[in-house]
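K.L.:
Have a look at this one.
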Amino acid sequence: MSSVWGRILHDLRNPLFRQGYALMANTVVTGVLGMGYWLLAAHYYSPEEFGRGQAVITAMRLFASLTALGFVGALARFLPLAGRRTPELILRGYGLAAATGGVAALGFLLTLPMWGQTYSVLAGFGPGLFFLASVVVWAVFTLQDVVLTGLRRATFVPMNNLVFGLVKMGLLVALAGALPSGGIFVSWVIPTALALIPINWLIFGVVVPRHVRQTDAVAQPPRLQEIRRFLAGDFPGTLSILAIIYLVPVAVATQVGEATFGRFSMAHTLASMIELLAMNMAVSLTVEGSFDRTKLAQSCQMALRRAFMIVTPIVVVAIVAAPLILTVFGSDFADEGTTLLRLMSLAVLPRVLIEVYLSALRAQSQARRLATVQIGLAALVLVSTLALFPHFRVDAVGYGLLFSELLVAFLIFGNLRKILKYGESSSAAVTQGSSGAA
């Protein structure tokens, strides 16, 4: 036990692991509180309202993430060495994400009849305006964690989401009697909006000034043309991945009833949290790989080992105990979601390889290859899911995801091996930062 604790303490001195572990801890905190939140929702609200709340939140996150997720790679890539341009880069990301999400949400509201009965709850000026505002708020909220990670302060992220999750759960229960229809969505959005104030005070008042001072000697502020070139390749690919994360559930919501979607969404959410663990170490890899590319191969090797070491036991537990986990929410959840949870959990293993490879490409600014891999993966998932849906219904999402990620992992494995073996030893040297900087 002491050796394990000593290993952890040793890892925490490495920024790659410190950032990665902080993000993984955040995923665990978010997952535990998320399960508690949806357990309370299933208890205090009707099955129809449960499914409707899931569907509206999914739609909000879809439109908020249209540009926000596109900036995840760019902020992780350029913030570490942005120097005095750091505040400008953050504010540009916030503004563009909020504006794009707002426009997309407005288009959604204007075409609401096309999206099925589930979303009719958003009809009318008041509900529509609240949904529009929630999209803008969530776009900024999405980027906050990425900004803290890019500034090498991911350790603040779990505490932020712990407080956010607890407040959200309390408001959910408080609104059950006063707002039985719409209470789930309102309890999700209000704490999100309130969280923007203290976290952005922390970012701009404390973290950014400290980061600028600590990296001033090695800073290489990115040129606008360099960022545009990176986004030209990374953004289309990220938009494609967005289709897997959010568009697929929204599409399912238009094809099944509200109660069925609620049961599908619970299994989908739990599996997505496991997938996030694989992505967390990869985001940290992008930050550290951008800060010091000479250690990219070594960082990739360490990220892969730690990611598999942590994710594999969780995947095994999820596959074996899927019925028991879902029974907590009700027997119907286990009956309809067990196969989906097992398939999506198994798909996390090849996803580890894919995410580490994508993060290495971001650190190297290989935007064209990034786009190719991401667009190809999204196309495979969407096509296979659509082809299988008439036969397997909601389980088609799991089969499509597993098939697609296994195939892409196989196709990129050769290039990933080259990165792991050679790194960028033949490339021009770039600015090196202290691997121990905090």
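We label chains A, B, ... in the order they appear in the structure tokens, count residues from 1 in each chain, and number ligands from 1 in the order shown.
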Env of range 34-51 of chain A: 7 Å cut, atoms = only C-alpha atoms, seq-sep filter 4 positions within chain, self excluded. Answer as a list in words.
P.N.:
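The filter keeps Thr30, Ala55, Met169, Ala176, Pro180, Ser181, Glu258, Ala259, Phe261, Gly262 and Phe329 of chain A.
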K.L.:
Identify, on the basis of only C-alpha atoms, every residue whose closest approach to Thr327 in chain A does not exceed 12 Å; exclude the query and any residue fewer than 6 positions from it along the same chain; express the result as a list in words.
P.N.:
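With the cut-off at 12 Å, the set is Leu39, Arg263, Met266, Ala267, Ala321, Phe333, Ala334, Asp335, Glu336, Gly337 and Thr338 of chain A.
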K.L.:
Can I get the selection written as a CSV table (one decimal), in the first residue's frame, with C-alpha atoms?
P.N.:
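Generated output (out-v9.csv):
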```csv
chain,number,residue,atom,x,y,z
A,39,LEU,CA,-31.4,9.0,-9.2
A,263,ARG,CA,-33.6,4.8,-20.1
A,266,MET,CA,-28.9,6.8,-18.6
A,267,ALA,CA,-26.9,3.9,-20.0
A,321,ALA,CA,-22.1,-5.4,-13.3
A,333,PHE,CA,-33.4,0.8,-17.1
A,334,ALA,CA,-31.5,-2.6,-16.7
A,335,ASP,CA,-33.8,-4.3,-19.2
A,336,GLU,CA,-33.3,-1.7,-21.9
A,337,GLY,CA,-29.8,-0.4,-21.2
A,338,THR,CA,-27.6,-3.3,-20.2
```
K.L.:
Pick from A:Arg306, A:His268, A:Arg77, A:Lys418: nearest to Leu401 in chain A, with only C-alpha atoms counted?
P.N.:
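Selected residue with least distance to Leu401 in chain A: A:His268.
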K.L.:
Go through A:Ala360, A:Leu162, A:Val29, A:Val147 one by one, measure the shortest atom-to-atom distance of each to Val207 in chain A using only C-alpha atoms, and give the residue with the smallest value.
P.N.:
A:Val147
K.L.:
Rank A:Ala174, A:Val189, A:Leu382, A:Arg305 by their smallest atom-to-atom distance to Ala396 in chain A, using only C-alpha atoms, and report the top residue only.
P.N.:
A:Leu382
K.L.:
Rank nothing, just name the residue among A:Ala303, A:Leu420, A:Val348, A:Ile57 nearest to Gly182 in chain A, using only C-alpha atoms.
P.N.:
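Nearest to Gly182 in chain A: A:Ile57.
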K.L.:
Report as a VMD selection string all protein, DNA and RNA residues lying within 10 Å of Ile227 in chain A, evaluated on only C-alpha atoms, omitting residues in the same chain fewer than 3 positions from it.
P.N.:
chain A and resid 74 to 75 77 to 78 89 222 to 224 230 to 232 365
K.L.:
Given the choices A:Val317, A:Leu66, A:Met159, A:Ala59, which gets closest to Thr100 in chain A if the distance is worked out from only C-alpha atoms?
P.N.:
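Closest residue, counting only C-alpha atoms: A:Leu66.
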K.L.:
For a test of reading the model, state the distance in Å between CA of Val397 in chain A and CA of Val311 in chain A, rounded to one decimal.
P.N.:
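About the pair CA of Val397 in chain A and CA of Val311 in chain A: they are 20.8 Å apart.
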K.L.:
For Pro87 in chain A, which of A:Trp115, A:Phe204, A:Phe125, A:Tyr246 is the closest residue, counting only C-alpha atoms?
P.N.:
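Nearest to Pro87 in chain A: A:Phe204.
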K.L.:
If you run DSSP on this backbone, which residues of range 197-257 of chain A come out as helix (DSSP H, G or I), and could you give them as a VMD selection string?
P.N.:
chain A and resid 197 to 215 224 to 253
K.L.:
I need the residues from that last selection saved to file as a PDB file, in the first residue's frame (with C-alpha atoms), if you can.
P.N.:
```
ATOM      1  CA  ILE A 197     -18.770  34.250 -11.787  1.00  0.00           C
ATOM      2  CA  PRO A 198     -16.309  32.793  -9.236  1.00  0.00           C
ATOM      3  CA  ILE A 199     -14.489  30.574 -11.725  1.00  0.00           C
ATOM      4  CA  ASN A 200     -13.810  33.375 -14.200  1.00  0.00           C
ATOM      5  CA  TRP A 201     -12.721  35.638 -11.343  1.00  0.00           C
ATOM      6  CA  LEU A 202     -10.237  32.900 -10.423  1.00  0.00           C
ATOM      7  CA  ILE A 203      -9.083  32.522 -14.045  1.00  0.00           C
ATOM      8  CA  PHE A 204      -8.595  36.199 -14.901  1.00  0.00           C
ATOM      9  CA  GLY A 205      -7.768  37.497 -11.434  1.00  0.00           C
ATOM     10  CA  VAL A 206      -5.365  34.824 -10.187  1.00  0.00           C
ATOM     11  CA  VAL A 207      -4.440  32.061 -12.639  1.00  0.00           C
ATOM     12  CA  VAL A 208      -3.762  34.078 -15.811  1.00  0.00           C
ATOM     13  CA  PRO A 209      -1.456  36.684 -14.181  1.00  0.00           C
ATOM     14  CA  ARG A 210       0.506  33.919 -12.432  1.00  0.00           C
ATOM     15  CA  HIS A 211       0.748  31.870 -15.637  1.00  0.00           C
ATOM     16  CA  VAL A 212       2.016  34.881 -17.618  1.00  0.00           C
ATOM     17  CA  ARG A 213       4.742  35.553 -15.025  1.00  0.00           C
ATOM     18  CA  GLN A 214       5.863  31.913 -14.836  1.00  0.00           C
ATOM     19  CA  THR A 215       6.030  31.347 -18.615  1.00  0.00           C
ATOM     20  CA  LEU A 224      -3.658  34.577 -35.411  1.00  0.00           C
ATOM     21  CA  GLN A 225      -2.789  32.928 -38.725  1.00  0.00           C
ATOM     22  CA  GLU A 226      -1.263  29.962 -36.873  1.00  0.00           C
ATOM     23  CA  ILE A 227      -4.425  29.511 -34.776  1.00  0.00           C
ATOM     24  CA  ARG A 228      -6.632  29.783 -37.868  1.00  0.00           C
ATOM     25  CA  ARG A 229      -4.551  27.173 -39.689  1.00  0.00           C
ATOM     26  CA  PHE A 230      -4.829  24.829 -36.722  1.00  0.00           C
ATOM     27  CA  LEU A 231      -8.603  25.348 -36.392  1.00  0.00           C
ATOM     28  CA  ALA A 232      -9.091  24.841 -40.130  1.00  0.00           C
ATOM     29  CA  GLY A 233      -7.981  21.263 -39.636  1.00  0.00           C
ATOM     30  CA  ASP A 234      -9.034  20.573 -36.052  1.00  0.00           C
ATOM     31  CA  PHE A 235     -12.466  22.205 -36.039  1.00  0.00           C
ATOM     32  CA  PRO A 236     -14.117  20.113 -38.803  1.00  0.00           C
ATOM     33  CA  GLY A 237     -12.824  16.984 -37.109  1.00  0.00           C
ATOM     34  CA  THR A 238     -14.007  18.102 -33.684  1.00  0.00           C
ATOM     35  CA  LEU A 239     -17.396  18.970 -35.155  1.00  0.00           C
ATOM     36  CA  SER A 240     -17.550  15.409 -36.446  1.00  0.00           C
ATOM     37  CA  ILE A 241     -16.791  13.999 -32.988  1.00  0.00           C
ATOM     38  CA  LEU A 242     -19.521  16.287 -31.654  1.00  0.00           C
ATOM     39  CA  ALA A 243     -21.956  14.367 -33.829  1.00  0.00           C
ATOM     40  CA  ILE A 244     -21.038  11.175 -31.966  1.00  0.00           C
ATOM     41  CA  ILE A 245     -21.326  12.712 -28.503  1.00  0.00           C
ATOM     42  CA  TYR A 246     -24.498  14.782 -28.837  1.00  0.00           C
ATOM     43  CA  LEU A 247     -26.136  14.470 -32.265  1.00  0.00           C
ATOM     44  CA  VAL A 248     -26.611  10.693 -32.007  1.00  0.00           C
ATOM     45  CA  PRO A 249     -28.609  10.984 -28.719  1.00  0.00           C
ATOM     46  CA  VAL A 250     -30.668  13.871 -30.144  1.00  0.00           C
ATOM     47  CA  ALA A 251     -31.416  11.752 -33.222  1.00  0.00           C
ATOM     48  CA  VAL A 252     -32.456   8.849 -30.968  1.00  0.00           C
ATOM     49  CA  ALA A 253     -34.764  11.232 -29.048  1.00  0.00           C
TER      50      ALA A 253
END
```
K.L.:
So that I can see what lies close to Tyr399 in chain A, please list as a PyMOL selection string the residues with an atom at most 12 Å from it, counting only C-alpha atoms and leaving out residues fewer than 3 positions away in the same chain.
P.N.:
chain A and resi 339-347+380-389+391-396+402-406
K.L.:
I'd like the neighbourhood of Ala105 in chain A as a ChimeraX atom specification, where a residue qualifies if any of its atoms comes within 12 Å (using only C-alpha atoms), though same-chain residues fewer than 6 positions away should be ignored.
P.N.:
/A:56,59-66,98-99,111-112,122,128-136,138-139
K.L.:
May I have the residues from that selection written out with N, CA, C and O atoms, as a CSV table (one decimal), in the first residue's frame?
P.N.:
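Printed below is result.csv as written:
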```csv
chain,number,residue,atom,x,y,z
A,56,VAL,N,-33.8,17.6,-23.5
A,56,VAL,CA,-33.5,19.1,-23.6
A,56,VAL,C,-32.1,19.4,-23.2
A,56,VAL,O,-31.4,20.3,-23.9
A,59,ALA,N,-29.8,18.5,-26.1
A,59,ALA,CA,-29.9,19.5,-27.1
A,59,ALA,C,-29.1,20.7,-26.8
A,59,ALA,O,-28.4,21.3,-27.6
A,60,MET,N,-29.3,21.2,-25.6
A,60,MET,CA,-28.6,22.4,-25.1
A,60,MET,C,-27.0,22.2,-25.2
A,60,MET,O,-26.3,23.0,-25.8
A,61,ARG,N,-26.6,21.0,-24.8
A,61,ARG,CA,-25.1,20.8,-24.8
A,61,ARG,C,-24.7,20.6,-26.3
A,61,ARG,O,-23.5,21.0,-26.6
A,62,LEU,N,-25.5,20.1,-27.1
A,62,LEU,CA,-25.2,20.0,-28.6
A,62,LEU,C,-24.9,21.3,-29.2
A,62,LEU,O,-23.8,21.5,-29.8
A,63,PHE,N,-25.8,22.3,-29.0
A,63,PHE,CA,-25.6,23.6,-29.7
A,63,PHE,C,-24.5,24.4,-29.0
A,63,PHE,O,-23.8,25.1,-29.6
A,64,ALA,N,-24.4,24.3,-27.6
A,64,ALA,CA,-23.4,25.0,-26.9
A,64,ALA,C,-22.0,24.5,-27.3
A,64,ALA,O,-21.0,25.3,-27.3
A,65,SER,N,-21.9,23.3,-27.7
A,65,SER,CA,-20.6,22.7,-28.0
A,65,SER,C,-20.2,22.8,-29.4
A,65,SER,O,-19.1,22.4,-29.8
A,66,LEU,N,-21.0,23.4,-30.3
A,66,LEU,CA,-20.7,23.5,-31.7
A,66,LEU,C,-19.3,24.1,-31.9
A,66,LEU,O,-18.5,23.6,-32.7
A,98,ALA,N,-19.9,31.2,-27.6
A,98,ALA,CA,-21.3,31.7,-27.2
A,98,ALA,C,-22.1,32.2,-28.4
A,98,ALA,O,-23.3,31.9,-28.5
A,99,ALA,N,-21.4,32.9,-29.3
A,99,ALA,CA,-22.1,33.4,-30.5
A,99,ALA,C,-22.6,32.3,-31.4
A,99,ALA,O,-23.8,32.3,-31.9
A,111,THR,N,-37.2,26.1,-36.0
A,111,THR,CA,-37.6,24.9,-36.8
A,111,THR,C,-38.1,23.8,-35.8
A,111,THR,O,-38.0,22.6,-36.1
A,112,LEU,N,-38.5,24.2,-34.6
A,112,LEU,CA,-38.9,23.3,-33.5
A,112,LEU,C,-39.9,22.2,-34.0
A,112,LEU,O,-39.7,21.0,-33.5
A,122,LEU,N,-40.3,23.4,-25.5
A,122,LEU,CA,-39.5,24.7,-25.7
A,122,LEU,C,-40.3,25.7,-26.5
A,122,LEU,O,-39.8,26.8,-26.8
A,128,GLY,N,-38.3,29.4,-25.0
A,128,GLY,CA,-37.3,29.6,-26.0
A,128,GLY,C,-36.1,30.5,-25.6
A,128,GLY,O,-35.0,30.2,-25.8
A,129,LEU,N,-36.5,31.6,-25.0
A,129,LEU,CA,-35.4,32.5,-24.5
A,129,LEU,C,-34.6,31.9,-23.4
A,129,LEU,O,-33.3,32.1,-23.4
A,130,PHE,N,-35.2,31.2,-22.5
A,130,PHE,CA,-34.4,30.5,-21.5
A,130,PHE,C,-33.5,29.5,-22.0
A,130,PHE,O,-32.3,29.4,-21.6
A,131,PHE,N,-34.0,28.7,-23.0
A,131,PHE,CA,-33.1,27.7,-23.7
A,131,PHE,C,-31.9,28.4,-24.4
A,131,PHE,O,-30.8,27.9,-24.3
A,132,LEU,N,-32.2,29.5,-25.1
A,132,LEU,CA,-31.2,30.3,-25.8
A,132,LEU,C,-30.1,30.7,-24.8
A,132,LEU,O,-28.9,30.6,-25.1
A,133,ALA,N,-30.5,31.3,-23.7
A,133,ALA,CA,-29.6,31.8,-22.7
A,133,ALA,C,-28.8,30.6,-22.1
A,133,ALA,O,-27.6,30.8,-21.9
A,134,SER,N,-29.4,29.5,-21.9
A,134,SER,CA,-28.7,28.3,-21.4
A,134,SER,C,-27.6,27.8,-22.3
A,134,SER,O,-26.6,27.4,-21.8
A,135,VAL,N,-27.8,27.9,-23.6
A,135,VAL,CA,-26.8,27.5,-24.6
A,135,VAL,C,-25.6,28.4,-24.5
A,135,VAL,O,-24.5,27.9,-24.5
A,136,VAL,N,-25.8,29.7,-24.4
A,136,VAL,CA,-24.7,30.6,-24.2
A,136,VAL,C,-23.9,30.4,-22.9
A,136,VAL,O,-22.7,30.4,-22.9
A,138,TRP,N,-23.8,27.6,-21.2
A,138,TRP,CA,-23.1,26.3,-21.2
A,138,TRP,C,-21.9,26.3,-22.1
A,138,TRP,O,-20.9,25.6,-21.9
A,139,ALA,N,-21.9,27.2,-23.2
A,139,ALA,CA,-20.7,27.3,-24.1
A,139,ALA,C,-19.5,27.8,-23.3
A,139,ALA,O,-18.4,27.3,-23.4
```
